[in-house]
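Dropping model14.txt in here (compact mmCIF, C-alpha atoms):
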# COMPACT_ATOMS: atom_id res chain seq x y z
CA MET A 1 226.40 53.54 -159.59
CA SER A 2 227.64 54.69 -163.01
CA ALA A 3 228.55 58.31 -163.69
CA ARG A 4 225.84 58.48 -166.38
CA ASN A 5 223.10 57.32 -164.03
CA SER A 6 224.35 59.71 -161.38
CA ASN A 7 224.24 62.66 -163.78
CA ALA A 8 220.79 61.63 -165.02
CA ASN A 9 219.47 61.43 -161.47
CA LYS A 10 220.88 64.84 -160.64
CA ALA A 11 219.32 66.32 -163.77
CA ALA A 12 215.93 64.80 -162.90
CA ALA A 13 216.19 66.12 -159.37
CA ARG A 14 216.98 69.60 -160.64
CA GLU A 15 213.96 69.42 -163.00
CA ARG A 16 211.65 68.32 -160.19
CA LEU A 17 212.97 71.17 -158.03
CA ARG A 18 212.36 73.67 -160.85
CA GLU A 19 208.82 72.41 -161.40
CA GLU A 20 208.09 72.56 -157.67
CA ARG A 21 209.36 76.15 -157.51
CA GLU A 22 207.12 77.10 -160.43
CA ARG A 23 204.10 75.48 -158.78
CA GLN A 24 204.88 77.29 -155.52
CA ALA A 25 205.23 80.59 -157.38
CA ARG A 26 201.83 80.03 -159.04
CA ARG A 27 200.26 79.26 -155.65
CA ASP A 28 201.78 82.43 -154.17
CA ARG A 29 200.41 84.55 -157.02
CA THR A 30 196.97 83.02 -156.65
CA ARG A 31 197.00 83.61 -152.89
CA ARG A 32 198.00 87.27 -153.34
CA GLN A 33 195.24 87.76 -155.89
CA LEU A 34 192.66 86.25 -153.52
CA VAL A 35 193.86 88.43 -150.63
CA VAL A 36 193.62 91.56 -152.78
CA ALA A 37 190.18 90.56 -154.06
CA GLY A 38 188.98 89.78 -150.54
CA SER A 39 190.29 93.07 -149.23
CA THR A 40 188.53 94.92 -152.03
CA VAL A 41 185.26 93.15 -151.29
CA ALA A 42 185.66 93.92 -147.57
CA ILE A 43 186.34 97.59 -148.28
CA LEU A 44 183.34 97.78 -150.58
CA ALA A 45 181.18 95.99 -148.01
CA VAL A 46 182.23 98.39 -145.26
CA ALA A 47 181.70 101.36 -147.54
CA GLY A 48 178.33 99.98 -148.58
CA GLY A 49 177.40 99.35 -144.95
CA VAL A 50 178.37 102.86 -143.94
CA GLY A 51 176.43 104.26 -146.88
CA PHE A 52 173.37 102.19 -145.99
CA GLY A 53 173.68 103.26 -142.36
CA VAL A 54 173.83 106.92 -143.36
CA VAL A 55 170.78 106.53 -145.59
CA GLN A 56 168.86 104.75 -142.83
CA ALA A 57 169.87 107.35 -140.25
CA ASN A 58 168.63 110.14 -142.50
CA LYS A 59 165.45 108.31 -143.43
CA PRO A 60 162.39 109.86 -141.72
CA SER A 61 160.73 107.72 -139.06
CA HIS A 62 157.26 106.31 -139.61
CA TRP A 63 155.68 109.03 -137.49
CA GLU A 64 157.70 111.79 -139.15
CA ALA A 65 156.52 110.52 -142.51
CA ALA A 66 152.94 110.42 -141.20
CA LYS A 67 153.30 113.99 -139.98
CA ASP A 68 154.33 115.16 -143.44
CA ALA A 69 151.80 113.05 -145.33
CA LYS A 70 149.82 114.93 -147.96
CA ALA A 71 147.06 112.35 -148.19
CA VAL A 72 145.23 111.86 -144.90
CA THR A 73 142.61 109.21 -144.21
CA ALA A 74 140.24 110.67 -141.63
CA PRO A 75 137.88 108.57 -139.50
CA LYS A 76 134.18 108.71 -140.03
CA ASN A 77 132.27 111.08 -137.74
CA THR A 78 134.79 113.90 -138.21
CA SER A 79 134.76 117.17 -140.12
CA GLY A 80 137.01 120.10 -140.96
CA ALA A 81 140.47 120.11 -142.54
CA ASN A 82 141.91 116.57 -142.50
CA GLY A 83 139.01 115.49 -140.28
CA THR A 84 140.55 117.05 -137.19
CA THR A 85 137.27 118.44 -135.90
CA VAL A 86 135.79 115.85 -133.56
CA VAL A 87 132.52 116.78 -131.88
CA ILE A 88 130.70 114.32 -129.61
CA GLY A 89 127.14 114.93 -128.42
CA LYS A 90 123.70 116.02 -129.54
CA PRO A 91 123.80 118.40 -132.52
CA GLU A 92 121.14 120.61 -130.93
CA ALA A 93 123.26 121.28 -127.84
CA LYS A 94 124.00 125.01 -127.88
CA LYS A 95 127.25 124.98 -125.93
CA THR A 96 130.50 123.24 -126.82
CA LEU A 97 133.16 122.26 -124.32
CA GLU A 98 136.62 121.95 -125.84
CA LEU A 99 138.59 119.14 -124.21
CA TYR A 100 142.36 118.90 -124.73
CA GLU A 101 144.01 115.63 -123.64
CA ASP A 102 147.14 113.53 -124.19
CA SER A 103 146.51 109.79 -123.94
CA ARG A 104 149.64 109.24 -121.80
CA CYS A 105 148.92 112.16 -119.46
CA PRO A 106 148.52 110.91 -115.86
CA ILE A 107 146.55 114.00 -114.82
CA CYS A 108 144.19 113.38 -117.74
CA ALA A 109 143.72 109.86 -116.40
CA THR A 110 142.84 111.25 -112.97
CA PHE A 111 140.47 113.75 -114.58
CA GLU A 112 138.72 111.07 -116.65
CA GLN A 113 138.45 108.66 -113.73
CA GLN A 114 136.96 111.30 -111.43
CA VAL A 115 135.00 113.50 -113.83
CA GLY A 116 134.44 111.44 -116.98
CA ALA A 117 131.12 109.96 -115.88
CA THR A 118 129.75 113.43 -115.05
CA ILE A 119 130.78 114.74 -118.46
CA GLN A 120 129.14 111.80 -120.22
CA LYS A 121 125.94 112.34 -118.24
CA ASP A 122 125.87 116.03 -119.20
CA VAL A 123 126.56 115.25 -122.87
CA ASP A 124 123.84 112.60 -122.95
CA ALA A 125 121.45 115.16 -121.44
CA GLY A 126 122.31 117.66 -124.17
CA LYS A 127 123.76 120.29 -121.82
CA TYR A 128 126.73 120.71 -124.16
CA LYS A 129 128.79 118.95 -126.81
CA ILE A 130 132.43 117.91 -126.49
CA LYS A 131 135.00 119.04 -129.03
CA TYR A 132 137.96 116.71 -128.55
CA VAL A 133 141.53 117.73 -129.37
CA GLY A 134 144.21 115.07 -128.93
CA ALA A 135 147.84 115.88 -128.09
CA THR A 136 151.07 113.86 -128.30
CA PHE A 137 153.59 116.09 -126.53
CA ILE A 138 154.53 113.46 -123.91
CA ASP A 139 156.00 111.34 -126.70
CA ASN A 140 158.20 114.28 -127.68
CA SER A 141 159.70 114.50 -124.21
CA ASP A 142 160.90 110.87 -124.11
CA ASN A 143 161.03 109.84 -127.78
CA GLY A 144 158.01 107.62 -127.24
CA GLU A 145 155.17 106.59 -129.52
CA GLY A 146 152.32 105.76 -127.13
CA SER A 147 150.49 109.08 -127.34
CA LYS A 148 150.54 109.00 -131.13
CA ASN A 149 149.61 105.34 -131.37
CA ALA A 150 146.74 105.68 -128.89
CA LEU A 151 145.43 108.75 -130.72
CA SER A 152 145.45 106.78 -133.97
CA ALA A 153 143.58 103.95 -132.22
CA LEU A 154 141.04 106.46 -130.93
CA GLY A 155 140.57 107.47 -134.55
CA ALA A 156 139.88 103.82 -135.38
CA ALA A 157 137.27 103.72 -132.60
CA LEU A 158 135.70 106.96 -133.84
CA ASP A 159 135.47 105.38 -137.29
CA VAL A 160 133.20 102.78 -135.69
CA SER A 161 130.99 105.29 -133.85
CA PRO A 162 131.16 108.32 -131.52
CA GLU A 163 129.92 106.05 -128.73
CA ALA A 164 132.76 103.58 -129.31
CA PHE A 165 135.21 106.50 -129.26
CA SER A 166 133.94 107.76 -125.90
CA ALA A 167 133.87 104.28 -124.35
CA TYR A 168 137.35 103.48 -125.63
CA LYS A 169 138.76 106.75 -124.33
CA THR A 170 137.28 105.95 -120.92
CA ALA A 171 138.88 102.50 -121.03
CA LEU A 172 142.31 103.87 -121.97
CA TYR A 173 142.25 106.29 -119.03
CA SER A 174 140.88 103.79 -116.51
CA ALA A 175 142.91 102.90 -113.43
CA ALA A 176 143.13 99.31 -114.66
CA ASN A 177 144.63 100.22 -118.03
CA HIS A 178 146.43 103.54 -117.86
CA PRO A 179 150.22 103.25 -117.47
CA SER A 180 152.58 105.56 -115.61
CA GLU A 181 153.89 108.44 -117.69
CA SER A 182 157.29 106.75 -118.04
CA ASP A 183 155.75 103.55 -119.41
CA ASP A 184 155.23 103.73 -123.19
CA LYS A 185 152.66 100.93 -123.04
CA PHE A 186 150.35 102.41 -125.68
CA ALA A 187 153.09 102.13 -128.32
CA ASP A 188 152.15 98.43 -128.49
CA ASP A 189 149.17 97.68 -130.76
CA ALA A 190 148.50 94.49 -128.83
CA ALA A 191 148.03 96.47 -125.61
CA LEU A 192 145.60 98.86 -127.31
CA LEU A 193 143.61 95.98 -128.80
CA LYS A 194 143.44 94.19 -125.47
CA ILE A 195 141.95 97.30 -123.85
CA ALA A 196 139.49 97.58 -126.74
CA ASP A 197 138.09 94.16 -125.83
CA SER A 198 136.32 95.87 -122.92
CA VAL A 199 134.25 97.93 -125.39
CA ASN A 200 131.37 95.98 -126.91
CA GLU A 201 131.50 97.71 -130.29
CA LEU A 202 135.23 97.13 -130.62
CA LYS A 203 135.60 93.59 -129.30
CA ASP A 204 136.09 91.15 -132.19
CA ASN A 205 135.68 94.07 -134.61
CA ALA A 206 137.86 93.07 -137.56
CA ALA A 207 137.78 96.52 -139.20
CA PHE A 208 138.85 98.24 -136.01
CA LYS A 209 141.66 95.71 -135.45
CA LYS A 210 142.90 96.14 -139.03
CA ASN A 211 142.90 99.93 -138.75
CA VAL A 212 144.89 99.83 -135.51
CA GLU A 213 147.47 97.34 -136.76
CA SER A 214 147.89 98.95 -140.19
CA GLY A 215 147.98 102.49 -138.82
CA THR A 216 145.15 103.66 -141.07
CA PHE A 217 144.70 106.84 -139.04
CA ASP A 218 148.35 107.56 -138.16
CA ALA A 219 148.54 110.59 -140.46
CA TRP A 220 145.22 111.82 -139.08
CA ALA A 221 146.59 111.49 -135.53
CA MET A 222 149.57 113.65 -136.46
CA LYS A 223 147.31 116.30 -138.01
CA MET A 224 145.18 116.25 -134.87
CA SER A 225 148.33 116.63 -132.76
CA ALA A 226 149.35 119.61 -134.90
CA THR A 227 145.96 121.17 -134.12
CA PHE A 228 146.85 121.00 -130.44
CA ASP A 229 150.37 122.32 -131.07
CA ASN A 230 148.97 125.29 -132.99
CA SER A 231 146.53 126.20 -130.24
CA SER A 232 147.43 128.38 -127.28
CA VAL A 233 146.90 125.46 -124.90
CA GLU A 234 150.04 124.63 -122.93
CA GLY A 235 149.06 121.51 -121.00
CA THR A 236 146.51 118.79 -120.48
CA PRO A 237 143.84 118.37 -119.41
CA THR A 238 142.53 121.76 -120.51
CA LEU A 239 138.85 122.67 -120.83
CA ARG A 240 137.46 125.66 -122.68
CA MET A 241 133.96 126.96 -123.30
CA ASP A 242 133.14 130.08 -125.29
CA GLY A 243 136.85 130.81 -125.55
CA ARG A 244 137.37 130.82 -121.80
CA THR A 245 139.28 128.23 -119.81
CA VAL A 246 137.20 126.22 -117.35
CA THR A 247 139.09 125.80 -114.09
CA ALA A 248 138.46 124.72 -110.53
CA GLU A 249 137.44 127.51 -108.16
CA GLY A 250 140.52 129.44 -107.02
CA SER A 251 142.81 127.53 -109.39
CA LYS A 252 144.26 127.84 -112.87
CA ASN A 253 143.92 124.11 -113.44
CA ALA A 254 141.11 121.89 -114.67
CA PRO A 255 138.75 120.61 -111.96
CA LEU A 256 139.78 117.11 -110.93
CA THR A 257 136.77 116.08 -108.87
CA ALA A 258 133.13 115.76 -109.85
CA PRO A 259 131.91 118.48 -107.39
CA GLU A 260 134.59 120.91 -108.61
CA TYR A 261 133.72 120.17 -112.20
CA THR A 262 129.97 120.54 -111.67
CA ALA A 263 130.48 123.96 -110.09
CA ALA A 264 132.91 125.09 -112.79
CA ILE A 265 130.79 123.92 -115.70
CA ALA A 266 127.65 125.50 -114.24
CA LYS A 267 129.50 128.81 -114.12
CA ALA A 268 130.74 128.35 -117.69
CA LEU A 269 127.27 127.50 -118.97
CA ALA A 270 125.78 130.53 -117.23
CA GLY A 271 128.43 132.81 -118.67

Please render this file's structure as structure tokens.
Amino acid sequence: MSARNSNANKAAARERLREERERQARRDRTRRQLVVAGSTVAILAVAGGVGFGVVQANKPSHWEAAKDAKAVTAPKNTSGANGTTVVIGKPEAKKTLELYEDSRCPICATFEQQVGATIQKDVDAGKYKIKYVGATFIDNSDNGEGSKNALSALGAALDVSPEAFSAYKTALYSAANHPSESDDKFADDAALLKIADSVNELKDNAAFKKNVESGTFDAWAMKMSATFDNSSVEGTPTLRMDGRTVTAEGSKNAPLTAPEYTAAIAKALAG
């Protein structure tokens, strides 16, 4: 090999080495830029996620929003502020029995199962009217939604007719349908609609179904619940007539059997 060729080869090798170093340097710069850019995006994503999480956490729940709603759609067959006065029975009936119930209340279920038929018979006979006040305090104790959702569904039934309301309330409290207090079954629209199938006026009723699923009367339910909260009533079921609480003989509680109720209501009507 000549000295000239050897020098030329060495020079070419040095040039290739220089070019390779420059390419490697460019690759390193590009990689660092991508790492920095990726880190920035990740930081922004985390920050954005935290910000979104904070906003969502501070966003009022559906029921809180319904509670604060200014515009309230009230069911038909109601009266008073926001439609929270619900009176069932013959207009000419002189006496009015106030009935305070929570849809998830197990004692209310017992009361309705044992006494409901007697009440309906008396109302049909015109002995008195029923003024219904719905409560949702059981939801508050376990962060549930069943009391509120069932009350809204009762509003949807009332929008159909007072008779549908009464029949649906009976169905909700029946032994076959009423859940234990710890079971938030009524939070599920499908469960409420399935129970409604047992009521002739509500079965296959598209308007009723739409109102339940869309929560048409959710705000009304919350206003009704506030009516209970603003009363002096502390528990359910509670019955009042002429401002006085109707209780079983020798008790401070509502009568839970038909004979006890008949005796108590006769006394209330006489008074």

May I have the protein, DNA and RNA residues with an atom at most 9 Å from (145.0, 116.4, -136.8), counting all atoms listed in the file in the file's coordinates, returned as a short mmCIF file (atom, residue, chain, number, x, y, z; two decimals) with C-alpha atoms, keeping the file's coordinate frame?
data_model
loop_
_atom_site.label_atom_id
_atom_site.label_comp_id
_atom_site.auth_asym_id
_atom_site.auth_seq_id
_atom_site.Cartn_x
_atom_site.Cartn_y
_atom_site.Cartn_z
CA ALA A 74 140.24 110.67 -141.63
CA ALA A 81 140.47 120.11 -142.54
CA ASN A 82 141.91 116.57 -142.50
CA GLY A 83 139.01 115.49 -140.28
CA THR A 84 140.55 117.05 -137.19
CA THR A 85 137.27 118.44 -135.90
CA VAL A 133 141.53 117.73 -129.37
CA GLY A 134 144.21 115.07 -128.93
CA ALA A 219 148.54 110.59 -140.46
CA TRP A 220 145.22 111.82 -139.08
CA ALA A 221 146.59 111.49 -135.53
CA MET A 222 149.57 113.65 -136.46
CA LYS A 223 147.31 116.30 -138.01
CA MET A 224 145.18 116.25 -134.87
CA SER A 225 148.33 116.63 -132.76
CA ALA A 226 149.35 119.61 -134.90
CA THR A 227 145.96 121.17 -134.12
CA PHE A 228 146.85 121.00 -130.44
#

Query raised in the report: Out of A:Lys67, A:Arg240, A:Lys169, A:Lys252, which residue has the shortest atom-to-atom distance to Lys131 in chain A when counting all atoms listed in the file?
Result: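 Of A:Lys67, A:Arg240, A:Lys169, A:Lys252, the one nearest Lys131 in chain A is A:Arg240, counting all atoms listed in the file.
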
Write out as an mmCIF file with C-alpha atoms, in the frame of the given file each polymer residue whose atoms come within 12 Å of Glu163 in chain A, counting all atoms listed in the file; drop sequence neighbours fewer than 2 positions from it.
data_model
loop_
_atom_site.group_PDB
_atom_site.id
_atom_site.type_symbol
_atom_site.label_atom_id
_atom_site.label_comp_id
_atom_site.auth_asym_id
_atom_site.auth_seq_id
_atom_site.Cartn_x
_atom_site.Cartn_y
_atom_site.Cartn_z
ATOM 1 C CA ASN A 77 132.270 111.080 -137.740
ATOM 2 C CA VAL A 87 132.520 116.780 -131.880
ATOM 3 C CA ILE A 88 130.700 114.320 -129.610
ATOM 4 C CA GLY A 89 127.140 114.930 -128.420
ATOM 5 C CA LYS A 90 123.700 116.020 -129.540
ATOM 6 C CA GLN A 120 129.140 111.800 -120.220
ATOM 7 C CA VAL A 123 126.560 115.250 -122.870
ATOM 8 C CA ASP A 124 123.840 112.600 -122.950
ATOM 9 C CA LEU A 154 141.040 106.460 -130.930
ATOM 10 C CA ALA A 157 137.270 103.720 -132.600
ATOM 11 C CA LEU A 158 135.700 106.960 -133.840
ATOM 12 C CA ASP A 159 135.470 105.380 -137.290
ATOM 13 C CA VAL A 160 133.200 102.780 -135.690
ATOM 14 C CA SER A 161 130.990 105.290 -133.850
ATOM 15 C CA PHE A 165 135.210 106.500 -129.260
ATOM 16 C CA SER A 166 133.940 107.760 -125.900
ATOM 17 C CA ALA A 167 133.870 104.280 -124.350
ATOM 18 C CA TYR A 168 137.350 103.480 -125.630
ATOM 19 C CA LYS A 169 138.760 106.750 -124.330
ATOM 20 C CA THR A 170 137.280 105.950 -120.920
ATOM 21 C CA VAL A 199 134.250 97.930 -125.390
ATOM 22 C CA ASN A 200 131.370 95.980 -126.910
ATOM 23 C CA GLU A 201 131.500 97.710 -130.290
ATOM 24 C CA LEU A 202 135.230 97.130 -130.620
#

Centre, x/y/z edge lengths, axis-aligned box for range 198-214 of chain A with 4 Å per side, as lines of an AutoDock Vina configuration file:
center_x = 139.6
center_y = 95.5
center_z = -131.6
size_x = 24.5
size_y = 16.8
size_z = 25.3

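CA of Gly215 in chain A lies 24.0 Å from CA of Cys108 in chain A.
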
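Closest to Leu256 in chain A among A:Asn211, A:Gln114, A:Thr78, A:Ser174 is A:Gln114, based on only C-alpha atoms.
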
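Between CA of Val115 in chain A and CA of Thr257 in chain A there is a distance of 5.9 Å.
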
Who sits within 12 Å of range 242-248 of chain A, only C-alpha atoms, same chain under 3 positions skipped, as a CSV table (one decimal) with C-alpha atoms, in the frame of the given file:
chain,number,residue,atom,x,y,z
A,94,LYS,CA,124.0,125.0,-127.9
A,95,LYS,CA,127.2,125.0,-125.9
A,96,THR,CA,130.5,123.2,-126.8
A,97,LEU,CA,133.2,122.3,-124.3
A,98,GLU,CA,136.6,122.0,-125.8
A,99,LEU,CA,138.6,119.1,-124.2
A,100,TYR,CA,142.4,118.9,-124.7
A,111,PHE,CA,140.5,113.8,-114.6
A,128,TYR,CA,126.7,120.7,-124.2
A,131,LYS,CA,135.0,119.0,-129.0
A,231,SER,CA,146.5,126.2,-130.2
A,232,SER,CA,147.4,128.4,-127.3
A,233,VAL,CA,146.9,125.5,-124.9
A,234,GLU,CA,150.0,124.6,-122.9
A,235,GLY,CA,149.1,121.5,-121.0
A,236,THR,CA,146.5,118.8,-120.5
A,237,PRO,CA,143.8,118.4,-119.4
A,238,THR,CA,142.5,121.8,-120.5
A,239,LEU,CA,138.8,122.7,-120.8
A,251,SER,CA,142.8,127.5,-109.4
A,252,LYS,CA,144.3,127.8,-112.9
A,253,ASN,CA,143.9,124.1,-113.4
A,254,ALA,CA,141.1,121.9,-114.7
A,255,PRO,CA,138.8,120.6,-112.0
A,256,LEU,CA,139.8,117.1,-110.9
A,257,THR,CA,136.8,116.1,-108.9
A,258,ALA,CA,133.1,115.8,-109.8
A,259,PRO,CA,131.9,118.5,-107.4
A,260,GLU,CA,134.6,120.9,-108.6
A,261,TYR,CA,133.7,120.2,-112.2
A,262,THR,CA,130.0,120.5,-111.7
A,263,ALA,CA,130.5,124.0,-110.1
A,264,ALA,CA,132.9,125.1,-112.8
A,265,ILE,CA,130.8,123.9,-115.7
A,266,ALA,CA,127.6,125.5,-114.2
A,267,LYS,CA,129.5,128.8,-114.1
A,268,ALA,CA,130.7,128.4,-117.7
A,269,LEU,CA,127.3,127.5,-119.0
A,270,ALA,CA,125.8,130.5,-117.2
A,271,GLY,CA,128.4,132.8,-118.7

Report summary line: One decimal place gives the CA of Glu112 in chain A-CA of Tyr173 in chain A separation as 6.4 Å

Query raised in the report: Near His62 in chain A, counting only C-alpha atoms, which residues have an atom at most 12 Å away, once you skip same-chain residues fewer than 3 positions from it, shown as a list in words?
Result: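 In the requested form, the answer reads Lys59, Ala65, Ala66, Lys67, Asp68, Ala69, Glu145, Lys148, Asn149, Ser214, Gly215, Asp218, Ala219 and Met222 of chain A.
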
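For Asn177 in chain A, the set of protein, DNA and RNA residues having any atom at most 12 Å away, when counting only C-alpha atoms and skipping those fewer than 3 positions along the same chain, is Ser103, Arg104, Pro106, Ala109, Gln113, Tyr168, Lys169, Thr170, Ala171, Leu172, Tyr173, Ser174, Ser180, Asp183, Lys185, Phe186, Ala191, Leu192, Leu193, Lys194, Ile195, Ala196, Asp197 and Ser198 of chain A.
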